[in-house]
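Text of input36.txt (compact mmCIF, C-alpha atoms) as supplied:
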```txt
# COMPACT_ATOMS: atom_id res chain seq x y z
CA MET U 1 -21.46 -51.85 -165.09
CA THR U 2 -21.00 -48.99 -167.56
CA THR U 3 -22.35 -48.75 -171.10
CA SER U 4 -21.07 -46.44 -173.84
CA ARG U 5 -23.38 -44.09 -175.70
CA ASP U 6 -23.27 -46.15 -178.89
CA ASP U 7 -24.51 -49.28 -177.01
CA ARG U 8 -21.70 -51.44 -178.40
CA ARG U 9 -19.22 -51.23 -175.54
CA ARG U 10 -19.99 -52.45 -172.03
CA THR U 11 -17.61 -52.65 -169.07
CA PHE U 12 -18.46 -54.75 -166.02
CA ASP U 13 -16.52 -53.58 -162.98
CA SER U 14 -17.97 -56.39 -160.86
CA VAL U 15 -19.22 -59.86 -161.73
CA PRO U 16 -21.91 -61.86 -159.87
CA PRO U 17 -20.33 -64.05 -157.16
CA GLY U 18 -19.52 -67.69 -157.81
CA THR U 19 -17.53 -69.41 -160.52
CA GLU U 20 -19.74 -72.19 -161.85
CA PRO U 21 -22.44 -70.95 -164.27
CA THR U 22 -26.06 -71.60 -163.25
CA SER U 23 -27.83 -71.26 -166.61
CA TRP U 24 -27.70 -73.83 -169.39
CA TRP U 25 -26.28 -71.24 -171.78
CA GLY U 26 -23.61 -70.23 -169.25
CA ARG U 27 -22.58 -73.88 -169.01
CA ALA U 28 -22.55 -74.17 -172.80
CA TRP U 29 -20.21 -71.17 -172.93
CA THR U 30 -17.65 -72.73 -170.56
CA ALA U 31 -18.02 -76.12 -172.26
CA ALA U 32 -16.83 -74.57 -175.55
CA LEU U 33 -13.54 -73.49 -173.94
CA GLU U 34 -13.17 -76.67 -171.87
CA GLU U 35 -13.46 -78.80 -175.01
CA LEU U 36 -10.89 -76.59 -176.70
CA SER U 37 -8.45 -76.98 -173.80
CA ARG U 38 -8.78 -80.61 -172.66
CA ASP U 39 -6.12 -79.82 -170.01
CA SER U 40 -7.73 -80.48 -166.61
CA GLY U 41 -4.81 -78.95 -164.71
CA ARG U 42 -5.07 -75.61 -166.50
CA LEU U 43 -8.83 -75.61 -166.17
CA GLU U 44 -8.60 -76.17 -162.41
CA ARG U 45 -6.01 -73.39 -162.03
CA GLY U 46 -8.15 -71.04 -164.12
CA LEU U 47 -11.19 -71.85 -161.98
CA ALA U 48 -9.16 -71.11 -158.84
CA TYR U 49 -8.03 -67.77 -160.33
CA ALA U 50 -11.65 -66.88 -161.06
CA ALA U 51 -12.72 -67.85 -157.53
CA SER U 52 -9.96 -65.77 -155.90
CA GLY U 53 -10.94 -62.55 -157.68
CA LYS U 54 -7.92 -62.24 -159.97
CA VAL U 55 -10.03 -61.15 -162.98
CA ASP U 56 -10.42 -57.37 -163.12
CA ALA U 57 -13.09 -55.40 -165.00
CA ILE U 58 -14.37 -57.10 -168.18
CA THR U 59 -14.93 -55.00 -171.31
CA ILE U 60 -17.08 -56.35 -174.14
CA THR U 61 -17.31 -55.06 -177.69
CA PRO U 62 -18.49 -56.82 -180.87
CA GLY U 63 -16.23 -59.82 -181.38
CA LEU U 64 -14.00 -59.31 -178.32
CA LEU U 65 -13.83 -59.83 -174.54
CA VAL U 66 -10.93 -58.11 -172.75
CA ALA U 67 -9.85 -58.19 -169.11
CA TYR U 68 -6.64 -57.91 -167.10
CA VAL U 69 -5.95 -60.99 -164.99
CA ARG U 70 -3.51 -60.83 -162.08
CA GLY U 71 -1.02 -63.70 -161.98
CA SER U 72 2.30 -64.37 -160.24
CA ARG U 73 4.00 -61.23 -161.64
CA PRO U 74 3.33 -57.68 -160.40
CA ARG U 75 1.91 -56.56 -163.75
CA PRO U 76 -1.43 -58.13 -164.75
CA TYR U 77 -1.79 -59.89 -168.10
CA ARG U 78 -4.01 -58.64 -170.89
CA THR U 79 -6.36 -61.53 -171.62
CA GLU U 80 -8.75 -61.79 -174.56
CA LEU U 81 -11.44 -64.06 -175.95
CA ALA U 82 -12.48 -63.39 -179.54
CA LEU U 83 -15.76 -64.58 -181.11
CA ALA U 84 -16.65 -63.78 -184.70
CA PRO U 85 -19.59 -61.33 -184.91
CA PHE U 86 -22.48 -62.02 -187.27
CA GLY U 87 -22.70 -60.43 -190.69
CA ASP U 88 -25.69 -58.40 -191.84
CA GLU U 89 -27.37 -61.38 -193.51
CA GLU U 90 -27.00 -63.55 -190.39
CA TRP U 91 -28.50 -60.77 -188.27
CA ARG U 92 -31.44 -60.35 -190.66
CA ASP U 93 -32.24 -64.06 -190.48
CA LEU U 94 -31.90 -64.14 -186.69
CA LEU U 95 -34.07 -61.06 -186.14
CA ASP U 96 -36.76 -62.31 -188.51
CA SER U 97 -36.87 -65.63 -186.63
CA LEU U 98 -37.16 -63.86 -183.27
CA ALA U 99 -39.85 -61.42 -184.37
CA ALA U 100 -41.95 -64.23 -185.86
CA ASP U 101 -41.83 -66.44 -182.73
CA PRO U 102 -43.65 -64.86 -179.73
CA ALA U 103 -42.43 -67.53 -177.27
CA CYS U 104 -38.81 -67.15 -178.38
CA LEU U 105 -39.08 -63.36 -178.27
CA ALA U 106 -40.68 -63.34 -174.81
CA ALA U 107 -37.88 -65.55 -173.45
CA LEU U 108 -35.21 -63.18 -174.73
CA VAL U 109 -36.99 -60.13 -173.29
CA GLU U 110 -37.04 -61.98 -169.94
CA ARG U 111 -33.26 -62.42 -170.32
CA GLU U 112 -33.25 -66.07 -171.21
CA ILE U 113 -31.67 -67.59 -174.30
CA PRO U 114 -34.28 -69.73 -176.08
CA ARG U 115 -32.98 -73.23 -176.73
CA SER U 116 -34.14 -72.91 -180.33
CA LEU U 117 -31.38 -70.30 -180.80
CA ALA U 118 -28.61 -72.29 -179.11
CA ASP U 119 -26.93 -73.60 -182.25
CA ARG U 120 -27.12 -70.18 -183.90
CA ILE U 121 -25.64 -67.88 -181.27
CA LEU U 122 -23.64 -69.97 -178.77
CA PRO U 123 -19.98 -70.69 -179.62
CA GLY U 124 -18.70 -74.13 -180.47
CA PRO U 125 -15.28 -75.48 -179.41
CA GLY U 126 -13.50 -73.93 -182.39
CA ASP U 127 -15.27 -70.56 -182.27
CA LEU U 128 -13.56 -69.01 -179.22
CA LEU U 129 -10.09 -67.64 -179.96
CA PRO U 130 -8.04 -67.09 -176.77
CA ARG U 131 -5.11 -64.67 -176.47
CA CYS U 132 -3.03 -63.68 -173.45
CA SER U 133 0.14 -61.62 -172.84
CA CYS U 134 1.46 -64.16 -170.34
CA PRO U 135 4.65 -66.17 -171.11
CA ASP U 136 2.86 -69.53 -171.08
CA GLY U 137 4.14 -71.22 -174.21
CA GLY U 138 1.76 -74.16 -174.10
CA ARG U 139 -1.26 -74.69 -176.27
CA PRO U 140 -3.94 -72.08 -175.45
CA PRO U 141 -6.07 -71.43 -173.53
CA CYS U 142 -3.89 -70.57 -170.54
CA LYS U 143 -5.18 -70.37 -166.97
CA HIS U 144 -5.74 -66.60 -167.32
CA VAL U 145 -8.03 -67.03 -170.33
CA THR U 146 -9.82 -69.86 -168.54
CA ALA U 147 -10.44 -67.59 -165.52
CA LEU U 148 -11.87 -64.93 -167.85
CA CYS U 149 -14.10 -67.55 -169.46
CA TYR U 150 -15.58 -68.67 -166.12
CA ARG U 151 -16.23 -65.09 -164.98
CA THR U 152 -17.88 -64.27 -168.31
CA ALA U 153 -20.19 -67.26 -167.89
CA ARG U 154 -21.50 -65.66 -164.68
CA LEU U 155 -22.22 -62.47 -166.62
CA LEU U 156 -24.12 -64.51 -169.20
CA ASP U 157 -26.20 -66.08 -166.42
CA GLN U 158 -27.47 -62.62 -165.53
CA ASP U 159 -27.61 -61.00 -168.95
CA PRO U 160 -27.56 -63.01 -172.22
CA PHE U 161 -27.47 -59.72 -174.14
CA VAL U 162 -23.72 -59.86 -173.38
CA LEU U 163 -23.49 -62.77 -175.83
CA LEU U 164 -25.52 -60.89 -178.45
CA LEU U 165 -23.20 -57.89 -178.04
CA LEU U 166 -20.26 -60.20 -178.76
CA ARG U 167 -22.13 -61.24 -181.88
CA GLY U 168 -22.33 -57.59 -182.94
CA ARG U 169 -25.46 -55.84 -181.63
CA GLY U 170 -26.05 -53.81 -178.46
CA GLU U 171 -29.13 -54.35 -176.32
CA ARG U 172 -30.85 -51.04 -177.09
CA GLU U 173 -30.41 -51.22 -180.86
CA LEU U 174 -31.42 -54.89 -180.82
CA LEU U 175 -34.66 -54.20 -178.93
CA GLU U 176 -35.50 -51.27 -181.19
CA GLU U 177 -35.00 -53.41 -184.30
CA LEU U 178 -37.10 -56.22 -182.81
CA THR U 179 -39.83 -53.70 -181.97
CA ARG U 180 -39.85 -52.60 -185.60
CA ARG U 181 -40.05 -56.13 -186.98
CA ASN U 182 -42.52 -57.30 -184.36
CA ALA U 183 -44.82 -54.41 -185.22
CA ALA U 184 -44.91 -55.58 -188.81
CA HIS U 185 -45.90 -59.08 -187.68
CA ALA U 186 -48.53 -57.65 -185.31
CA ALA U 187 -49.98 -55.55 -188.13
CA ARG U 188 -50.53 -58.68 -190.20
CA GLU U 189 -52.30 -60.29 -187.22
CA ARG U 190 -54.64 -57.32 -186.76
CA PRO U 191 -58.28 -58.49 -186.80
CA ASP U 192 -60.66 -57.05 -189.38
CA THR U 193 -62.65 -55.36 -186.65
CA ALA U 194 -61.66 -54.27 -183.19
CA PRO U 195 -64.04 -53.76 -180.28
CA ASP U 196 -65.46 -50.33 -179.66
CA PHE U 197 -65.54 -49.57 -175.96
CA PRO U 198 -68.38 -47.38 -174.71
CA GLY U 199 -67.46 -44.42 -172.56
CA VAL U 200 -67.28 -40.66 -172.22
CA PRO U 201 -64.32 -38.27 -172.09
CA ALA U 202 -62.85 -37.84 -168.63
CA ARG U 203 -63.56 -34.09 -168.65
CA THR U 204 -67.25 -34.75 -169.32
CA ALA U 205 -67.45 -37.33 -166.55
CA LEU U 206 -65.76 -35.02 -164.04
CA ALA U 207 -68.10 -32.15 -164.94
CA ARG U 208 -71.20 -34.08 -163.87
CA VAL U 209 -72.78 -33.54 -160.45
CA LEU U 210 -72.76 -36.97 -158.89
CA ALA U 211 -74.81 -38.26 -155.98
CA PRO U 212 -73.01 -38.87 -152.68
CA LEU U 213 -71.32 -42.21 -152.39
CA PRO U 214 -73.10 -44.83 -150.26
CA ALA U 215 -71.66 -45.80 -146.90
CA PRO U 216 -68.96 -48.45 -147.19
CA SER U 217 -70.06 -51.99 -146.54
CA GLY U 218 -68.65 -53.93 -143.61
CA PRO U 219 -65.84 -56.42 -143.96
CA PRO U 220 -66.82 -59.90 -145.16
CA ALA U 221 -66.82 -62.79 -142.74
CA ALA U 222 -64.16 -64.62 -144.72
CA PRO U 223 -62.01 -63.89 -147.76
CA GLY U 224 -63.73 -64.78 -151.00
CA THR U 225 -62.64 -65.57 -154.52
CA PRO U 226 -60.85 -62.61 -156.15
CA PRO U 227 -62.81 -60.97 -158.99
CA ALA U 228 -61.84 -62.04 -162.48
CA TYR U 229 -62.44 -60.23 -165.74
CA PRO U 230 -64.98 -62.18 -167.84
CA ALA U 231 -63.38 -64.25 -170.56
CA ASP U 232 -65.04 -62.21 -173.28
CA PRO U 233 -63.03 -62.29 -176.54
CA ALA U 234 -64.49 -58.91 -177.47
CA GLY U 235 -63.42 -57.29 -174.19
CA PRO U 236 -60.19 -55.46 -173.43
CA ASP U 237 -57.15 -57.44 -172.41
CA PRO U 238 -56.71 -57.52 -168.58
CA LEU U 239 -52.97 -56.85 -168.81
CA ALA U 240 -53.61 -53.85 -171.05
CA LEU U 241 -56.13 -52.60 -168.49
CA ASP U 242 -53.50 -53.04 -165.79
CA GLN U 243 -51.10 -50.79 -167.70
CA LEU U 244 -53.80 -48.18 -168.24
CA ALA U 245 -54.80 -48.32 -164.57
CA THR U 246 -51.17 -47.88 -163.50
CA ASP U 247 -50.87 -44.87 -165.79
CA ALA U 248 -54.10 -43.40 -164.40
CA ALA U 249 -52.80 -43.81 -160.86
CA ALA U 250 -49.58 -41.97 -161.72
CA ARG U 251 -51.55 -39.11 -163.28
CA ALA U 252 -53.88 -38.98 -160.25
CA LEU U 253 -50.86 -38.69 -157.94
CA ALA U 254 -49.51 -35.83 -160.05
CA LEU U 255 -52.91 -34.09 -159.77
CA LEU U 256 -52.84 -34.46 -155.99
CA ASP U 257 -49.29 -33.12 -155.75
CA THR U 258 -49.47 -30.25 -158.25
CA GLY U 259 -53.13 -29.73 -159.15
CA GLU U 260 -52.26 -30.27 -162.83
CA ASP U 261 -52.45 -33.25 -165.13
CA PRO U 262 -49.07 -33.35 -166.93
CA TYR U 263 -50.64 -34.94 -170.01
CA ALA U 264 -53.96 -33.09 -170.25
CA ALA U 265 -52.81 -31.06 -173.27
CA LEU U 266 -51.84 -34.10 -175.35
CA THR U 267 -53.83 -35.07 -178.40
CA LEU U 268 -55.33 -38.55 -178.71
CA TRP U 269 -52.41 -39.64 -180.93
CA GLN U 270 -49.78 -38.17 -178.62
CA ASP U 271 -51.30 -39.88 -175.59
CA ALA U 272 -51.50 -43.23 -177.39
CA VAL U 273 -47.83 -42.93 -178.36
CA ARG U 274 -46.91 -42.02 -174.79
CA LEU U 275 -48.65 -45.14 -173.48
CA ALA U 276 -47.04 -47.34 -176.14
CA SER U 277 -43.56 -46.02 -175.27
CA ALA U 278 -43.88 -46.62 -171.53
CA HIS U 279 -41.22 -49.36 -171.61
CA PRO U 280 -38.35 -50.08 -174.05
CA THR U 281 -39.85 -53.52 -174.75
CA SER U 282 -43.43 -52.31 -175.33
CA GLY U 283 -45.00 -54.17 -178.23
CA LEU U 284 -42.46 -57.02 -178.09
CA THR U 285 -44.05 -59.43 -175.65
CA ALA U 286 -47.26 -61.26 -176.46
CA THR U 287 -49.02 -59.62 -173.50
CA ALA U 288 -48.40 -56.12 -174.89
CA ARG U 289 -49.29 -56.76 -178.52
CA ARG U 290 -53.05 -56.54 -177.85
CA LEU U 291 -52.59 -53.10 -176.31
CA TYR U 292 -50.57 -51.98 -179.34
CA ARG U 293 -53.30 -53.15 -181.71
CA ASP U 294 -56.06 -51.45 -179.69
CA LEU U 295 -54.13 -48.16 -179.45
CA ALA U 296 -53.40 -48.24 -183.18
CA HIS U 297 -57.06 -48.95 -184.02
CA ALA U 298 -58.32 -46.20 -181.71
CA THR U 299 -56.11 -43.64 -183.45
CA GLY U 300 -56.66 -44.86 -187.01
CA ARG U 301 -53.00 -45.82 -187.43
CA THR U 302 -51.16 -49.10 -188.00
CA THR U 303 -49.15 -50.90 -185.35
CA THR U 304 -46.03 -50.13 -187.38
CA ASP U 305 -46.91 -46.42 -187.25
CA LEU U 306 -47.32 -46.72 -183.49
CA ALA U 307 -44.02 -48.57 -183.00
CA ARG U 308 -42.16 -45.94 -185.04
CA ALA U 309 -43.84 -43.12 -183.10
CA ALA U 310 -43.06 -44.81 -179.77
CA ALA U 311 -39.38 -44.92 -180.76
CA ALA U 312 -39.55 -41.18 -181.58
CA TRP U 313 -41.20 -40.46 -178.21
CA ARG U 314 -38.45 -42.35 -176.37
CA GLN U 315 -35.94 -40.37 -178.43
CA GLY U 316 -37.24 -36.94 -177.47
CA GLY U 317 -40.77 -36.92 -176.00
CA PRO U 318 -43.34 -34.64 -177.69
CA ALA U 319 -40.56 -32.80 -179.55
CA GLY U 320 -39.23 -36.12 -180.87
CA LEU U 321 -42.70 -37.11 -182.08
CA ALA U 322 -43.06 -33.73 -183.80
CA ALA U 323 -39.75 -34.31 -185.60
CA LEU U 324 -41.22 -37.58 -186.92
CA ASP U 325 -44.65 -36.29 -187.94
CA ASP U 326 -44.21 -32.59 -188.70
CA PRO U 327 -42.04 -31.59 -191.71
CA TRP U 328 -41.47 -27.82 -191.81
CA ASP U 329 -39.32 -25.17 -193.46
CA PRO U 330 -36.64 -23.90 -191.06
CA PRO U 331 -34.44 -20.84 -191.64
CA ALA U 332 -31.29 -21.44 -193.69
CA GLY U 333 -28.81 -20.78 -190.86
CA PRO U 334 -28.80 -24.21 -189.16
CA PHE U 335 -28.39 -25.98 -192.52
CA ASP U 336 -25.63 -23.61 -193.62
CA ARG U 337 -23.68 -24.54 -190.49
CA ALA U 338 -24.52 -28.25 -190.41
CA ARG U 339 -23.68 -29.31 -193.97
CA PRO U 340 -20.04 -28.03 -194.00
CA ALA U 341 -19.49 -29.52 -190.55
CA LEU U 342 -20.71 -32.91 -191.76
CA LEU U 343 -18.48 -32.73 -194.85
CA ALA U 344 -15.44 -31.70 -192.81
CA ALA U 345 -15.97 -34.68 -190.49
CA GLY U 346 -15.98 -37.09 -193.42
CA GLN U 347 -19.67 -37.90 -193.11
CA GLY U 348 -20.35 -37.33 -196.81
CA PRO U 349 -22.75 -34.93 -198.49
CA PHE U 350 -26.26 -34.62 -197.07
CA ARG U 351 -29.14 -33.57 -199.35
CA PRO U 352 -31.43 -30.91 -197.86
CA HIS U 353 -35.23 -31.10 -198.11
CA ARG U 354 -37.39 -28.98 -195.81
CA ASN U 355 -36.13 -29.70 -192.25
CA ARG U 356 -34.26 -32.86 -193.27
CA LEU U 357 -30.71 -33.69 -194.34
CA THR U 358 -30.36 -37.12 -195.98
CA SER U 359 -27.34 -39.22 -196.98
CA ALA U 360 -27.88 -42.84 -198.10
CA THR U 361 -29.18 -44.69 -195.02
CA ARG U 362 -28.81 -41.80 -192.56
CA GLN U 363 -30.92 -38.73 -192.00
CA LEU U 364 -30.98 -35.73 -189.69
CA ARG U 365 -34.21 -33.89 -188.89
CA LEU U 366 -34.15 -30.41 -187.38
CA GLY U 367 -36.85 -30.10 -184.74
CA ARG U 368 -38.69 -26.90 -183.92
CA ASP U 369 -36.83 -27.03 -180.59
CA GLY U 370 -33.54 -26.42 -182.46
CA LEU U 371 -32.22 -29.96 -181.90
CA TRP U 372 -31.13 -32.46 -184.55
CA TYR U 373 -32.82 -35.88 -184.50
CA ALA U 374 -31.03 -38.79 -186.18
CA TYR U 375 -32.83 -41.40 -188.30
CA GLU U 376 -31.75 -44.58 -190.08
CA SER U 377 -33.19 -46.63 -192.94
CA ARG U 378 -32.28 -49.86 -194.65
CA PRO U 379 -30.44 -49.52 -197.97
CA SER U 380 -32.72 -48.66 -200.90
CA ALA U 381 -35.73 -48.30 -198.58
CA ASP U 382 -37.64 -45.20 -197.56
CA ASP U 383 -38.31 -46.55 -194.06
CA TRP U 384 -36.86 -44.10 -191.55
CA TRP U 385 -36.67 -44.91 -187.81
CA PRO U 386 -35.36 -42.73 -184.97
CA THR U 387 -31.98 -43.64 -183.50
CA GLY U 388 -29.80 -42.20 -180.77
CA ARG U 389 -30.46 -39.03 -178.80
CA PRO U 390 -31.13 -35.49 -180.09
CA SER U 391 -28.46 -32.82 -179.92
CA ALA U 392 -27.88 -29.22 -180.96
CA ASP U 393 -24.74 -30.54 -182.71
CA PRO U 394 -25.57 -32.58 -185.86
CA LEU U 395 -22.37 -34.65 -185.51
CA HIS U 396 -23.20 -35.46 -181.92
CA ALA U 397 -26.70 -36.51 -182.95
CA LEU U 398 -25.18 -38.91 -185.50
CA GLY U 399 -23.00 -40.43 -182.80
CA HIS U 400 -19.73 -39.13 -184.29
CA PRO U 401 -16.89 -40.21 -181.93
CA ASP U 402 -15.18 -36.81 -181.98
CA ARG U 403 -18.32 -35.21 -180.51
CA ALA U 404 -19.10 -37.80 -177.83
```
For the file at hand, write its structure as structure tokens.
Amino acid sequence: MTTSRDDRRRTFDSVPPGTEPTSWWGRAWTAALEELSRDSGRLERGLAYAASGKVDAITITPGLLVAYVRGSRPRPYRTELALAPFGDEEWRDLLDSLAADPACLAALVEREIPRSLADRILPGPGDLLPRCSCPDGGRPPCKHVTALCYRTARLLDQDPFVLLLLRGRGERELLEELTRRNAAHAARERPDTAPDFPGVPARTALARVLAPLPAPSGPPAAPGTPPAYPADPAGPDPLALDQLATDAAARALALLDTGEDPYAALTLWQDAVRLASAHPTSGLTATARRLYRDLAHATGRTTTDLARAAAAWRQGGPAGLAALDDPWDPPAGPFDRARPALLAAGQGPFRPHRNRLTSATRQLRLGRDGLWYAYESRPSADDWWPTGRPSADPLHALGHPDRA
């Protein structure tokens, strides 16, 4: 499978084996086309085509599935299934519903379509529009479209984000938007007080002269009950501790290999952001929200601040976080080159302010590393979030197709 840089074009060179879908949403997908067809002979021939490997690579973009299906003629037929993508208002309603429902959100992150969303995102019999270049003059769908439908159902079994891409949003941008909205919900759930955990800085602990360790005890006669963290509501969450322990183990291994801690120079805020950005879905699942709240409390920030900073860290590491938090006054040269280039590419005028160029809902920030970092905001809102990957070329950073 290949994915384009803008996250809204995916090509699957191979499809999971089998023809019959195994998930309930995969079956609902094929049922929509089967009800449209009502021709058992065509459906059986399409199923046989799918089983015999006649469907080539499947490309998916918002609103359209395309594949070439090999039939009786030497030249394969271009076969399409169209599904209307959602408008902005429909996406806002859907994302708000997901972010407000932890169980629904967790299911989607685990690559399952929640049944509560079935009527909203799955196609009905009249929603799928088939097209094929074959000479079949009968009522669509033809056997080639049916074969494509069955193979797509197997993709949906493995990855329901395929369906959401058809509806208009790529997986990465969808998860980033859900992270943003979920952080806002988590901030409203933040308790008035958070526990303070006693401890000392690691450097202080390591500097102490400790007594020799006692001799290890012998093995027990029989396995006992595994230790469990006390169910203390004021204590840290065990799953958050597991993430911190995993991170500590990785840093310990780096110390053994190189003699240096790769993160020793980070500030408290930088290290909290690094931990929060460990996975693209951090802060989305219910198990990670407690960690987000504790990290935000420990640094005196909100969970929304932390989610935004984690997105900046995933965008460009420490330099990406600096582009978010550190406005500065760069020399005129980069701006003098960037603004005419943006105008010439039809991107519209960008207003300069310090190290930022802003135009409506888009913004470019020049980092101290000489790279441009792209940001987006909702219309009429000063709520900027990192997007894309940094580049020395401002058009490339914006995702301009001519600079891909």
Sphere at (-26.8, -23.9, -190.3), radius 12 Å, counting only C-alpha atoms: residues as a VMD selection string | chain U and resid 330 to 342 352 355 357 366 370 to 372 392 to 394
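Residues in contact with region 163-178 of chain U at up to 7 Å, not including ones fewer than 2 positions away on its chain and judged by all atoms listed in the file, are U:Asp7, U:Arg8, U:Ile60, U:Thr61, U:Pro62, U:Gly63, U:Leu64, U:Leu83, U:Ala84, U:Pro85, U:Phe86, U:Leu95, U:Ala99, U:Leu156, U:Pro160, U:Phe161, U:Arg180, U:Arg181, U:Asn182, U:Thr281.
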In Å, rounded to a single decimal, give me how far CA of Ala397 (chain U) is from CA of Glu90 (chain U).
->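 Separating CA of Glu90 (chain U) from CA of Ala397 (chain U) is a distance of 28.0 Å.
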Which value, in Å to one decimal, gives the distance between CA of Ser116 (chain U) and CA of Arg289 (chain U)?
->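 About the pair CA of Ser116 (chain U) and CA of Arg289 (chain U): they are 22.2 Å apart.
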Using only C-alpha atoms, pick whichever of U:Leu295, U:Pro386, U:Arg362, U:Thr267 has the shortest atom-to-atom distance to Ala309 (chain U).
->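 Of U:Leu295, U:Pro386, U:Arg362, U:Thr267, the one nearest Ala309 (chain U) is U:Pro386, counting only C-alpha atoms.
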Find the residue from U:Leu65, U:Ala272, U:Leu306, U:Ala254 that sits nearest to Thr11 (chain U); use all atoms listed in the file when measuring.
->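 Distance minimum relative to Thr11 (chain U) lands on U:Leu65.
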Separation of CA of Arg368 (chain U) and CA of Pro327 (chain U), in Å?
->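 Separating CA of Arg368 (chain U) from CA of Pro327 (chain U) is a distance of 9.7 Å.
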Within 12 Å of Gly124 (chain U), counting only C-alpha atoms, which residues show up once you throw out same-chain ones fewer than 6 positions away? Write them as a PyMOL selection string, please.
-> chain U and resi 25+28-36+83-84+118
Starting from the structure just given, write a file holding region 40-45 of chain U with all heavy atoms, as a short mmCIF file (atom, residue, chain, number, x, y, z; two decimals), in the first residue's frame.
```cif
data_model
loop_
_atom_site.label_atom_id
_atom_site.label_comp_id
_atom_site.auth_asym_id
_atom_site.auth_seq_id
_atom_site.Cartn_x
_atom_site.Cartn_y
_atom_site.Cartn_z
N SER U 40 -28.59 -11.71 -9.45
CA SER U 40 -27.76 -12.73 -8.82
C SER U 40 -26.69 -13.27 -9.76
O SER U 40 -25.57 -13.59 -9.34
CB SER U 40 -28.63 -13.88 -8.31
OG SER U 40 -29.37 -14.47 -9.38
N GLY U 41 -26.99 -13.34 -11.06
CA GLY U 41 -26.00 -13.83 -12.01
C GLY U 41 -24.80 -12.92 -12.09
O GLY U 41 -23.64 -13.38 -12.07
N ARG U 42 -25.03 -11.62 -12.20
CA ARG U 42 -23.90 -10.67 -12.24
C ARG U 42 -23.12 -10.69 -10.93
O ARG U 42 -21.88 -10.62 -10.93
CB ARG U 42 -24.41 -9.27 -12.49
CG ARG U 42 -24.78 -8.99 -13.94
CD ARG U 42 -25.08 -7.53 -14.11
NE ARG U 42 -25.40 -7.18 -15.48
CZ ARG U 42 -25.63 -5.94 -15.88
NH1 ARG U 42 -25.58 -4.96 -15.00
NH2 ARG U 42 -25.90 -5.68 -17.14
N LEU U 43 -23.83 -10.77 -9.82
CA LEU U 43 -23.15 -10.79 -8.54
C LEU U 43 -22.25 -12.02 -8.42
O LEU U 43 -21.11 -11.92 -7.95
CB LEU U 43 -24.18 -10.77 -7.41
CG LEU U 43 -24.98 -9.47 -7.25
CD1 LEU U 43 -26.05 -9.64 -6.19
CD2 LEU U 43 -24.07 -8.29 -6.89
N GLU U 44 -22.72 -13.16 -8.87
CA GLU U 44 -21.90 -14.37 -8.81
C GLU U 44 -20.69 -14.26 -9.72
O GLU U 44 -19.58 -14.68 -9.35
CB GLU U 44 -22.76 -15.59 -9.21
CG GLU U 44 -23.81 -15.96 -8.17
CD GLU U 44 -24.68 -17.10 -8.62
OE1 GLU U 44 -24.42 -17.63 -9.73
OE2 GLU U 44 -25.62 -17.46 -7.89
N ARG U 45 -20.88 -13.69 -10.93
CA ARG U 45 -19.72 -13.53 -11.82
C ARG U 45 -18.72 -12.52 -11.24
O ARG U 45 -17.51 -12.71 -11.35
CB ARG U 45 -20.21 -13.09 -13.21
CG ARG U 45 -20.95 -14.18 -13.97
CD ARG U 45 -21.16 -13.82 -15.43
NE ARG U 45 -22.04 -12.67 -15.60
CZ ARG U 45 -23.37 -12.75 -15.65
NH1 ARG U 45 -23.96 -13.94 -15.52
NH2 ARG U 45 -24.11 -11.67 -15.83
#
```
